[in-house]
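Q: File follows, model.txt with compact mmCIF, C-alpha atoms:
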```txt
# COMPACT_ATOMS: atom_id res chain seq x y z
CA MET U 5 -16.27 17.90 -0.34
CA PHE U 6 -12.70 19.21 -0.06
CA ALA U 7 -11.27 22.57 -1.05
CA MET U 8 -8.86 22.29 -4.00
CA ILE U 9 -5.37 21.64 -2.71
CA ALA U 10 -2.01 22.32 -4.30
CA ILE U 11 0.45 19.55 -5.12
CA GLY U 12 2.81 20.81 -2.43
CA GLU U 13 0.15 20.25 0.19
CA VAL U 14 -0.56 16.80 -1.24
CA ASN U 15 3.08 15.88 -0.72
CA SER U 16 2.95 16.83 2.94
CA LEU U 17 -0.10 14.70 3.83
CA SER U 18 0.17 11.74 6.19
CA TYR U 19 -0.86 8.48 4.54
CA GLU U 20 -4.05 8.57 6.58
CA ASP U 21 -5.07 12.00 5.28
CA PHE U 22 -3.92 11.07 1.77
CA LEU U 23 -6.17 8.00 1.86
CA GLU U 24 -9.06 9.98 3.31
CA ILE U 25 -8.87 12.49 0.46
CA PHE U 26 -7.79 10.31 -2.49
CA GLY U 27 -8.97 6.84 -1.41
CA ASN U 28 -11.61 6.59 -4.14
CA VAL U 29 -9.85 8.11 -7.16
CA VAL U 30 -9.78 4.52 -8.38
CA GLU U 31 -13.24 3.21 -7.56
CA LYS U 32 -13.28 1.17 -4.33
CA CYS U 33 -9.53 0.55 -4.64
CA PRO U 34 -7.92 2.45 -1.75
CA LEU U 35 -5.05 -0.03 -2.13
CA VAL U 36 -3.98 1.82 -5.30
CA THR U 37 -4.05 5.20 -3.56
CA ALA U 38 -2.25 3.80 -0.53
CA ALA U 39 0.45 2.25 -2.73
CA VAL U 40 1.06 5.48 -4.62
CA TRP U 41 1.69 7.38 -1.39
CA SER U 42 5.09 5.64 -1.53
CA ALA U 43 5.87 7.55 -4.76
CA ARG U 44 5.75 11.02 -3.18
CA PRO U 45 6.85 13.72 -3.66
CA PHE U 46 4.89 14.37 -6.86
CA ALA U 47 6.40 17.10 -9.01
CA THR U 48 3.03 18.07 -10.49
CA LEU U 49 -0.55 16.83 -10.74
CA ALA U 50 0.42 15.22 -14.06
CA ASP U 51 3.24 13.41 -12.26
CA MET U 52 0.80 12.12 -9.63
CA GLU U 53 -1.49 10.86 -12.40
CA ALA U 54 1.46 9.16 -14.08
CA ARG U 55 2.50 7.42 -10.86
CA ILE U 56 -1.00 6.05 -10.35
CA ALA U 57 -1.07 4.83 -13.96
CA GLU U 58 2.35 3.24 -13.48
CA PHE U 59 1.19 1.35 -10.41
CA ILE U 60 -1.91 0.08 -12.19
CA ASP U 61 0.21 -1.00 -15.15
CA SER U 62 2.53 -2.90 -12.80
CA LEU U 63 -0.30 -5.20 -11.70
CA PRO U 64 -0.67 -8.66 -13.23
CA ALA U 65 -3.70 -9.14 -15.53
CA ALA U 66 -5.74 -10.59 -12.65
CA GLY U 67 -5.08 -7.43 -10.64
CA LYS U 68 -6.23 -5.24 -13.51
CA ALA U 69 -9.39 -7.33 -13.89
CA GLY U 70 -9.76 -7.03 -10.10
CA ILE U 71 -9.80 -3.24 -10.35
CA LEU U 72 -12.54 -3.45 -12.98
CA ARG U 73 -14.59 -5.83 -10.79
CA CYS U 74 -14.60 -3.20 -8.02
CA HIS U 75 -16.59 -0.92 -10.36
CA PRO U 76 -20.39 -0.78 -10.33
CA ASP U 77 -22.58 -1.51 -13.36
CA LEU U 78 -23.51 1.56 -15.37
CA ALA U 79 -27.18 2.39 -14.73
CA GLY U 80 -27.32 -0.73 -12.56
CA ARG U 81 -28.79 -1.74 -9.23
CA ASP U 82 -26.53 0.59 -7.22
CA LEU U 83 -27.69 3.65 -9.16
CA GLN U 84 -31.33 2.67 -8.56
CA SER U 85 -30.85 1.93 -4.88
CA GLY U 86 -28.59 4.89 -4.09
CA THR U 87 -25.66 2.70 -3.01
CA LEU U 88 -23.09 4.03 -5.48
CA THR U 89 -20.02 5.86 -4.17
CA ALA U 90 -20.53 9.64 -4.26
CA GLU U 91 -18.11 9.94 -7.19
CA SER U 92 -19.82 7.25 -9.30
CA GLU U 93 -23.27 8.62 -8.63
CA GLN U 94 -22.25 12.11 -9.68
CA GLU U 95 -20.65 10.77 -12.88
CA GLN U 96 -23.50 8.44 -13.86
CA VAL U 97 -26.17 11.08 -13.22
CA ALA U 98 -24.21 13.70 -15.20
CA ALA U 99 -23.99 11.26 -18.14
CA GLY U 100 -27.77 11.01 -18.13
CA LEU U 101 -27.92 7.41 -16.94
CA ARG U 102 -30.62 8.10 -14.38
CA SER U 103 -32.99 9.42 -17.01
CA LEU U 104 -32.72 6.75 -19.71
CA GLU U 105 -35.65 6.01 -22.00
CA PRO U 106 -37.09 2.58 -21.07
CA ALA U 107 -35.86 1.10 -24.35
CA ASP U 108 -32.30 2.36 -23.74
CA ALA U 109 -32.41 1.16 -20.14
CA THR U 110 -33.39 -2.34 -21.27
CA ARG U 111 -30.74 -2.37 -23.97
CA LEU U 112 -28.03 -1.19 -21.57
CA ARG U 113 -29.00 -3.84 -19.00
CA ARG U 114 -28.89 -6.60 -21.62
CA LEU U 115 -25.56 -5.48 -23.09
CA ASN U 116 -24.05 -5.08 -19.62
CA LEU U 117 -25.01 -8.62 -18.73
CA GLN U 118 -23.57 -10.03 -21.94
CA TYR U 119 -20.40 -8.03 -21.45
CA LYS U 120 -19.94 -9.38 -17.90
CA GLU U 121 -20.57 -12.93 -19.12
CA ARG U 122 -17.95 -12.52 -21.82
CA PHE U 123 -15.17 -10.76 -19.90
CA GLY U 124 -15.81 -11.54 -16.22
CA TYR U 125 -15.89 -7.88 -15.21
CA PRO U 126 -18.31 -4.99 -15.74
CA PHE U 127 -18.17 -2.54 -18.64
CA VAL U 128 -16.15 0.45 -17.46
CA ILE U 129 -16.09 3.72 -19.36
CA CYS U 130 -15.31 7.26 -18.28
CA ALA U 131 -18.87 8.59 -17.98
CA GLY U 132 -17.51 12.10 -17.53
CA LEU U 133 -16.22 12.06 -21.13
CA ASN U 134 -19.19 10.26 -22.75
CA ASP U 135 -22.92 10.91 -22.94
CA ARG U 136 -25.43 8.09 -22.86
CA ALA U 137 -25.51 7.67 -26.63
CA ALA U 138 -21.72 7.31 -26.76
CA ILE U 139 -21.79 4.91 -23.80
CA LEU U 140 -24.31 2.63 -25.51
CA ARG U 141 -22.40 2.73 -28.78
CA GLN U 142 -19.06 1.93 -27.17
CA LEU U 143 -20.53 -0.85 -25.06
CA ALA U 144 -21.80 -2.55 -28.20
CA GLU U 145 -18.47 -2.02 -29.97
CA ARG U 146 -16.20 -3.09 -27.14
CA PHE U 147 -18.26 -6.22 -26.51
CA ALA U 148 -16.92 -7.52 -29.82
CA ASN U 149 -13.27 -7.18 -28.73
CA GLU U 150 -11.01 -10.09 -27.95
CA PRO U 151 -10.44 -10.30 -24.16
CA GLN U 152 -6.74 -9.53 -24.57
CA ARG U 153 -7.57 -6.33 -26.40
CA GLU U 154 -10.45 -5.33 -24.12
CA LEU U 155 -8.62 -5.47 -20.77
CA PRO U 156 -6.13 -2.67 -21.55
CA LEU U 157 -8.89 -0.55 -23.13
CA ALA U 158 -11.01 -0.86 -19.97
CA ILE U 159 -7.98 -0.02 -17.82
CA GLU U 160 -7.37 3.14 -19.87
CA GLU U 161 -10.93 4.19 -18.93
CA VAL U 162 -10.11 3.61 -15.24
CA LYS U 163 -7.18 5.98 -15.63
CA LYS U 164 -9.36 8.63 -17.30
CA ILE U 165 -11.93 8.38 -14.49
CA CYS U 166 -9.09 8.70 -12.00
CA CYS U 167 -7.69 11.82 -13.71
CA LEU U 168 -11.07 13.55 -13.69
CA ARG U 169 -11.55 12.71 -10.02
CA LEU U 170 -8.06 13.99 -9.19
CA ARG U 171 -8.69 17.25 -11.03
CA ARG U 172 -11.68 17.93 -8.78
CA ILE U 173 -9.38 17.72 -5.77
CA VAL U 174 -5.92 18.97 -6.78
CA ALA U 175 -5.38 22.47 -8.14
CA SER U 176 -4.11 22.51 -11.72
CA ASP U 177 -0.40 22.88 -12.38
CA ILE U 178 -1.01 25.47 -15.05
CA LYS U 179 0.68 28.74 -14.16
CA LEU U 180 -1.23 31.81 -15.33
CA MET E 22 -23.08 -13.11 8.83
CA PHE E 23 -23.03 -15.89 6.22
CA ALA E 24 -23.60 -19.62 6.66
CA MET E 25 -20.40 -21.60 6.10
CA ILE E 26 -20.08 -22.48 2.45
CA ALA E 27 -18.19 -25.29 0.76
CA ILE E 28 -15.37 -24.66 -1.69
CA GLY E 29 -17.52 -26.02 -4.53
CA GLU E 30 -20.09 -23.31 -3.88
CA VAL E 31 -17.34 -20.71 -3.72
CA ASN E 32 -16.21 -21.73 -7.20
CA SER E 33 -19.69 -21.20 -8.62
CA LEU E 34 -20.15 -17.64 -7.31
CA SER E 35 -20.43 -14.68 -9.68
CA TYR E 36 -17.69 -12.12 -9.10
CA GLU E 37 -20.31 -9.86 -7.52
CA ASP E 38 -21.35 -12.44 -4.94
CA PHE E 39 -17.72 -13.46 -4.42
CA LEU E 40 -16.84 -9.83 -3.64
CA GLU E 41 -19.88 -9.40 -1.41
CA ILE E 42 -18.83 -12.41 0.68
CA PHE E 43 -15.01 -12.22 0.58
CA GLY E 44 -14.42 -8.53 -0.13
CA ASN E 45 -12.85 -7.83 3.26
CA VAL E 46 -10.72 -10.94 3.86
CA VAL E 47 -7.85 -8.53 3.25
CA GLU E 48 -8.82 -5.42 5.18
CA LYS E 49 -10.34 -2.74 2.93
CA CYS E 50 -8.69 -4.32 -0.12
CA PRO E 51 -11.53 -5.72 -2.25
CA LEU E 52 -9.10 -5.40 -5.17
CA VAL E 53 -7.23 -8.44 -3.83
CA THR E 54 -10.41 -10.50 -3.55
CA ALA E 55 -11.59 -9.37 -6.96
CA ALA E 56 -8.24 -10.28 -8.53
CA VAL E 57 -8.23 -13.76 -7.02
CA TRP E 58 -11.64 -14.52 -8.52
CA SER E 59 -9.63 -14.98 -11.74
CA ALA E 60 -7.82 -17.93 -10.13
CA ARG E 61 -10.93 -20.10 -9.69
CA PRO E 62 -11.63 -22.94 -9.45
CA PHE E 63 -9.99 -23.47 -6.07
CA ALA E 64 -9.27 -27.12 -5.31
CA THR E 65 -9.55 -26.59 -1.55
CA LEU E 66 -9.73 -23.83 1.04
CA ALA E 67 -5.94 -24.14 1.39
CA ASP E 68 -5.63 -23.60 -2.35
CA MET E 69 -7.78 -20.47 -2.12
CA GLU E 70 -5.54 -19.17 0.68
CA ALA E 71 -2.46 -19.93 -1.41
CA ARG E 72 -3.81 -18.05 -4.42
CA ILE E 73 -4.52 -14.97 -2.30
CA ALA E 74 -1.01 -15.15 -0.83
CA GLU E 75 0.43 -15.53 -4.34
CA PHE E 76 -1.39 -12.44 -5.56
CA ILE E 77 -0.20 -10.39 -2.59
CA ASP E 78 3.38 -11.61 -3.17
CA SER E 79 3.13 -10.58 -6.83
CA LEU E 80 2.65 -6.92 -5.86
CA PRO E 81 5.56 -4.49 -5.92
CA ALA E 82 6.80 -3.29 -2.51
CA ALA E 83 4.65 -0.14 -2.77
CA GLY E 84 1.57 -2.33 -3.28
CA LYS E 85 2.40 -4.38 -0.21
CA ALA E 86 2.88 -1.20 1.82
CA GLY E 87 -0.42 -0.01 0.33
CA ILE E 88 -2.21 -3.07 1.72
CA LEU E 89 -0.78 -2.32 5.16
CA ARG E 90 -1.89 1.34 4.94
CA CYS E 91 -5.47 0.18 4.42
CA HIS E 92 -5.37 -1.34 7.92
CA PRO E 93 -6.56 0.56 11.00
CA ASP E 94 -4.38 1.28 14.03
CA LEU E 95 -4.65 -1.31 16.78
CA ALA E 96 -6.65 0.17 19.66
CA GLY E 97 -6.80 3.40 17.69
CA ARG E 98 -9.39 6.04 16.87
CA ASP E 99 -11.55 3.69 14.80
CA LEU E 100 -11.92 1.25 17.72
CA GLN E 101 -12.95 4.13 20.01
CA SER E 102 -15.38 5.65 17.54
CA GLY E 103 -16.90 2.38 16.28
CA THR E 104 -15.78 2.94 12.69
CA LEU E 105 -13.74 -0.26 12.29
CA THR E 106 -14.87 -2.87 9.78
CA ALA E 107 -16.92 -5.62 11.47
CA GLU E 108 -14.02 -8.06 11.09
CA SER E 109 -11.42 -5.74 12.62
CA GLU E 110 -13.66 -4.79 15.51
CA GLN E 111 -14.35 -8.42 16.37
CA GLU E 112 -10.62 -9.23 16.25
CA GLN E 113 -9.45 -6.23 18.26
CA VAL E 114 -12.10 -6.71 20.93
CA ALA E 115 -11.33 -10.44 21.21
CA ALA E 116 -7.64 -9.60 21.69
CA GLY E 117 -8.60 -7.42 24.66
CA LEU E 118 -7.72 -4.11 23.01
CA ARG E 119 -10.92 -2.41 24.12
CA SER E 120 -10.18 -3.06 27.78
CA LEU E 121 -6.55 -1.98 28.04
CA GLU E 122 -5.17 -0.59 31.29
CA PRO E 123 -4.55 3.16 30.86
CA ALA E 124 -0.78 2.62 31.04
CA ASP E 125 -0.90 -0.04 28.29
CA ALA E 126 -3.19 2.13 26.17
CA THR E 127 -0.76 5.03 26.38
CA ARG E 128 2.21 2.78 25.60
CA LEU E 129 0.45 1.23 22.60
CA ARG E 130 -0.51 4.63 21.23
CA ARG E 131 3.05 5.91 21.57
CA LEU E 132 4.63 2.81 20.01
CA ASN E 133 2.06 2.82 17.17
CA LEU E 134 2.92 6.41 16.35
CA GLN E 135 6.66 5.73 16.35
CA TYR E 136 6.14 2.64 14.20
CA LYS E 137 4.13 4.63 11.62
CA GLU E 138 6.77 7.36 11.60
CA ARG E 139 9.50 4.78 10.98
CA PHE E 140 7.82 2.57 8.35
CA GLY E 141 5.10 4.71 6.77
CA TYR E 142 2.33 2.19 7.52
CA PRO E 143 0.57 1.03 10.67
CA PHE E 144 1.65 -1.93 12.80
CA VAL E 145 -0.28 -4.96 11.56
CA ILE E 146 -0.44 -8.17 13.55
CA CYS E 147 -2.94 -11.02 13.52
CA ALA E 148 -4.90 -10.11 16.67
CA GLY E 149 -6.71 -13.44 16.48
CA LEU E 150 -3.44 -15.25 17.24
CA ASN E 151 -2.05 -12.81 19.85
CA ASP E 152 -3.31 -11.43 23.15
CA ARG E 153 -2.64 -7.86 24.20
CA ALA E 154 0.59 -8.72 26.01
CA ALA E 155 1.97 -10.47 22.92
CA ILE E 156 0.85 -7.57 20.72
CA LEU E 157 2.68 -5.01 22.86
CA ARG E 158 5.79 -7.17 23.00
CA GLN E 159 5.89 -7.75 19.24
CA LEU E 160 5.22 -4.11 18.45
CA ALA E 161 8.27 -3.12 20.50
CA GLU E 162 10.37 -5.86 18.89
CA ARG E 163 9.33 -5.28 15.30
CA PHE E 164 9.85 -1.53 15.64
CA ALA E 165 13.58 -2.30 15.79
CA ASN E 166 13.57 -4.11 12.42
CA GLU E 167 15.12 -2.75 9.27
CA PRO E 168 12.35 -1.64 6.84
CA GLN E 169 13.35 -4.32 4.32
CA ARG E 170 12.92 -7.00 6.95
CA GLU E 171 9.73 -5.54 8.46
CA LEU E 172 7.65 -5.30 5.25
CA PRO E 173 7.54 -9.07 4.57
CA LEU E 174 6.89 -9.80 8.26
CA ALA E 175 3.91 -7.43 8.28
CA ILE E 176 2.63 -8.97 5.05
CA GLU E 177 2.77 -12.44 6.62
CA GLU E 178 0.46 -11.11 9.34
CA VAL E 179 -1.96 -9.87 6.65
CA LYS E 180 -2.04 -13.42 5.27
CA LYS E 181 -2.72 -14.91 8.72
CA ILE E 182 -5.58 -12.45 9.29
CA CYS E 183 -6.92 -13.36 5.86
CA CYS E 184 -6.78 -17.11 6.61
CA LEU E 185 -8.68 -16.71 9.88
CA ARG E 186 -11.32 -14.59 8.15
CA LEU E 187 -11.65 -17.15 5.36
CA ARG E 188 -12.07 -20.00 7.84
CA ARG E 189 -15.07 -18.24 9.34
CA ILE E 190 -16.73 -18.29 5.91
CA VAL E 191 -15.58 -21.40 4.04
CA ALA E 192 -16.17 -24.88 5.44
CA SER E 193 -12.96 -26.74 6.25
CA ASP E 194 -11.57 -29.21 3.71
CA ILE E 195 -10.91 -31.77 6.41
CA LYS E 196 -12.89 -34.92 5.73
CA LEU E 197 -14.08 -36.65 8.89
```
Go ahead and render the structure in this file as structure tokens.

A:
Amino acid sequence: MFAMIAIGEVNSLSYEDFLEIFGNVVEKCPLVTAAVWSARPFATLADMEARIAEFIDSLPAAGKAGILRCHPDLAGRDLQSGTLTAESEQEQVAAGLRSLEPADATRLRRLNLQYKERFGYPFVICAGLNDRAAILRQLAERFANEPQRELPLAIEEVKKICCLRLRRIVASDIKL
Amino acid sequence: MFAMIAIGEVNSLSYEDFLEIFGNVVEKCPLVTAAVWSARPFATLADMEARIAEFIDSLPAAGKAGILRCHPDLAGRDLQSGTLTAESEQEQVAAGLRSLEPADATRLRRLNLQYKERFGYPFVICAGLNDRAAILRQLAERFANEPQRELPLAIEEVKKICCLRLRRIVASDIKL
């Protein structure tokens, strides 16, 4: 997609190029990326991650729920029909969500629906850090949460997804 | 695109359908639409507009600048290459921006560039309420503004664009 770039190069990008490269680090929320351009220069990749997290945290609860609503269902219609973003498709396939046993697929669909009914947004989890068994387990567990407790948990997953996506684009800060 | 729908129907939409229908009332910012779903039920179309405006106003300055950065240039590359959103294309063409005299096209391109240099976001104006002469005049005028004065002016234009887009989708509240 893009060659890895160093943080110094990131800091010199126009907002248009910045958006082109980082526009989907938070799923379908280029507004977040575009806002964080204002926070340049970033000292390190970790600093860039922190600035994105800060901006997300600054949003009112409705804005946080809005971010979650921009996410697709796990193993949902978009995965079947090939209409996921490239990033989501890669993550969901790697987590084994395209090759679910029929029983697991049915269970996931049912739990997803119940979750959306309860919270008004889809279940979001960092698929890059969880296999399908862990995803199913956590979906069942998090469904039992109070809404006030669930929203920040879901937002922490958004940040994890964002960090993994960033690390596929920006070269690590670690000096060898 | 969609048949006009009444505010009562809007209130009964799932967040997925709401996003599908209203996701681009703020250009490339489905996050705004998705956030405002939390504010249902809307008493009237005017109430829906007010809730969107309220959410935008609740954003920190970087978030407001972020919204502006999600907008395309007027008469820019995306208009030439056909990569505007459907809404933007319709608005820019109606304002006469596809049929600019070469001298006006050159002037607009130069002023746009200077504006982006100065403010760090593109010049946004409600093309549906301004013809090309008014757009060129306002671009030159607003370029002279202090950044602190220009940001809220540009955001008011975002709200006007949003209102016009909404009124093409939601049936008016006016009782005859």

Q: Residues of chain E within 10 Å of chain U, using only C-alpha atoms, as a PyMOL selection string?

A: chain E and resi 35-37+40+44+48-60+76-77+79-91+93+137-138+141-143

Q: Of the candidates U:Val97, U:Leu143, U:Met52, U:Ala131, which shows the shortest atom-to-atom distance to Arg113 (chain U), using only C-alpha atoms?

A: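 That would be U:Leu143, the residue with the smallest distance to Arg113 (chain U).
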
Q: Given all atoms listed in the file as the basis, pick out the residue of U:Arg55, U:Ile129, U:Phe123, U:Val29 nearest to Ala148 (chain U).

A: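 For Ala148 (chain U), the nearest of the given residues is U:Phe123.
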
Q: Quick one: residues within 7 Å of region 134-137 of chain U, only C-alpha atoms counted, chain neighbours fewer than 4 positions away excluded, as an mmCIF file with C-alpha atoms, in the coordinates of the input?

A:
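Final output, result-v7.cif:
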```
data_model
loop_
_atom_site.group_PDB
_atom_site.id
_atom_site.type_symbol
_atom_site.label_atom_id
_atom_site.label_comp_id
_atom_site.auth_asym_id
_atom_site.auth_seq_id
_atom_site.Cartn_x
_atom_site.Cartn_y
_atom_site.Cartn_z
ATOM 1 C CA ALA U 99 -23.990 11.260 -18.140
ATOM 2 C CA GLY U 100 -27.770 11.010 -18.130
ATOM 3 C CA LEU U 101 -27.920 7.410 -16.940
ATOM 4 C CA CYS U 130 -15.310 7.260 -18.280
ATOM 5 C CA ARG U 141 -22.400 2.730 -28.780
#
```

Q: Excluding region 182-193 of chain E and residues on its chain fewer than 5 positions from it, collect all residues at most 12 Å away from it, counting only C-alpha atoms, and give them as a VMD selection string.

A: chain E and resid 22 to 32 39 41 to 50 53 to 54 63 65 to 74 77 89 92 107 to 109 111 to 113 145 to 151 175 to 177

Q: What is the CA of Ile139 (chain U)-CA of Leu112 (chain U) distance in Å, reported with one decimal?

A: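 These atoms are spaced 9.0 Å apart.
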
Q: Would you mind reading off the distance between CA of Asp94 (chain E) and CA of Glu110 (chain E), one decimal, in Å?

A: 11.2 Å

Q: Around all of region 85-104 of chain E's listed atoms, make the axis-aligned box with 5 Å on each side and tell me centre and edge lengths in Å to one decimal, as lines of an AutoDock Vina configuration file.

A:
```
center_x = -7.0
center_y = 0.8
center_z = 9.9
size_x = 29.8
size_y = 20.4
size_z = 30.2
```

Q: Report, in Å to a single decimal, how far apart CA of Phe164 (chain E) and CA of Leu132 (chain E) are.

A: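 So the two atoms, CA of Leu132 (chain E) and CA of Phe164 (chain E), lie 8.1 Å apart.
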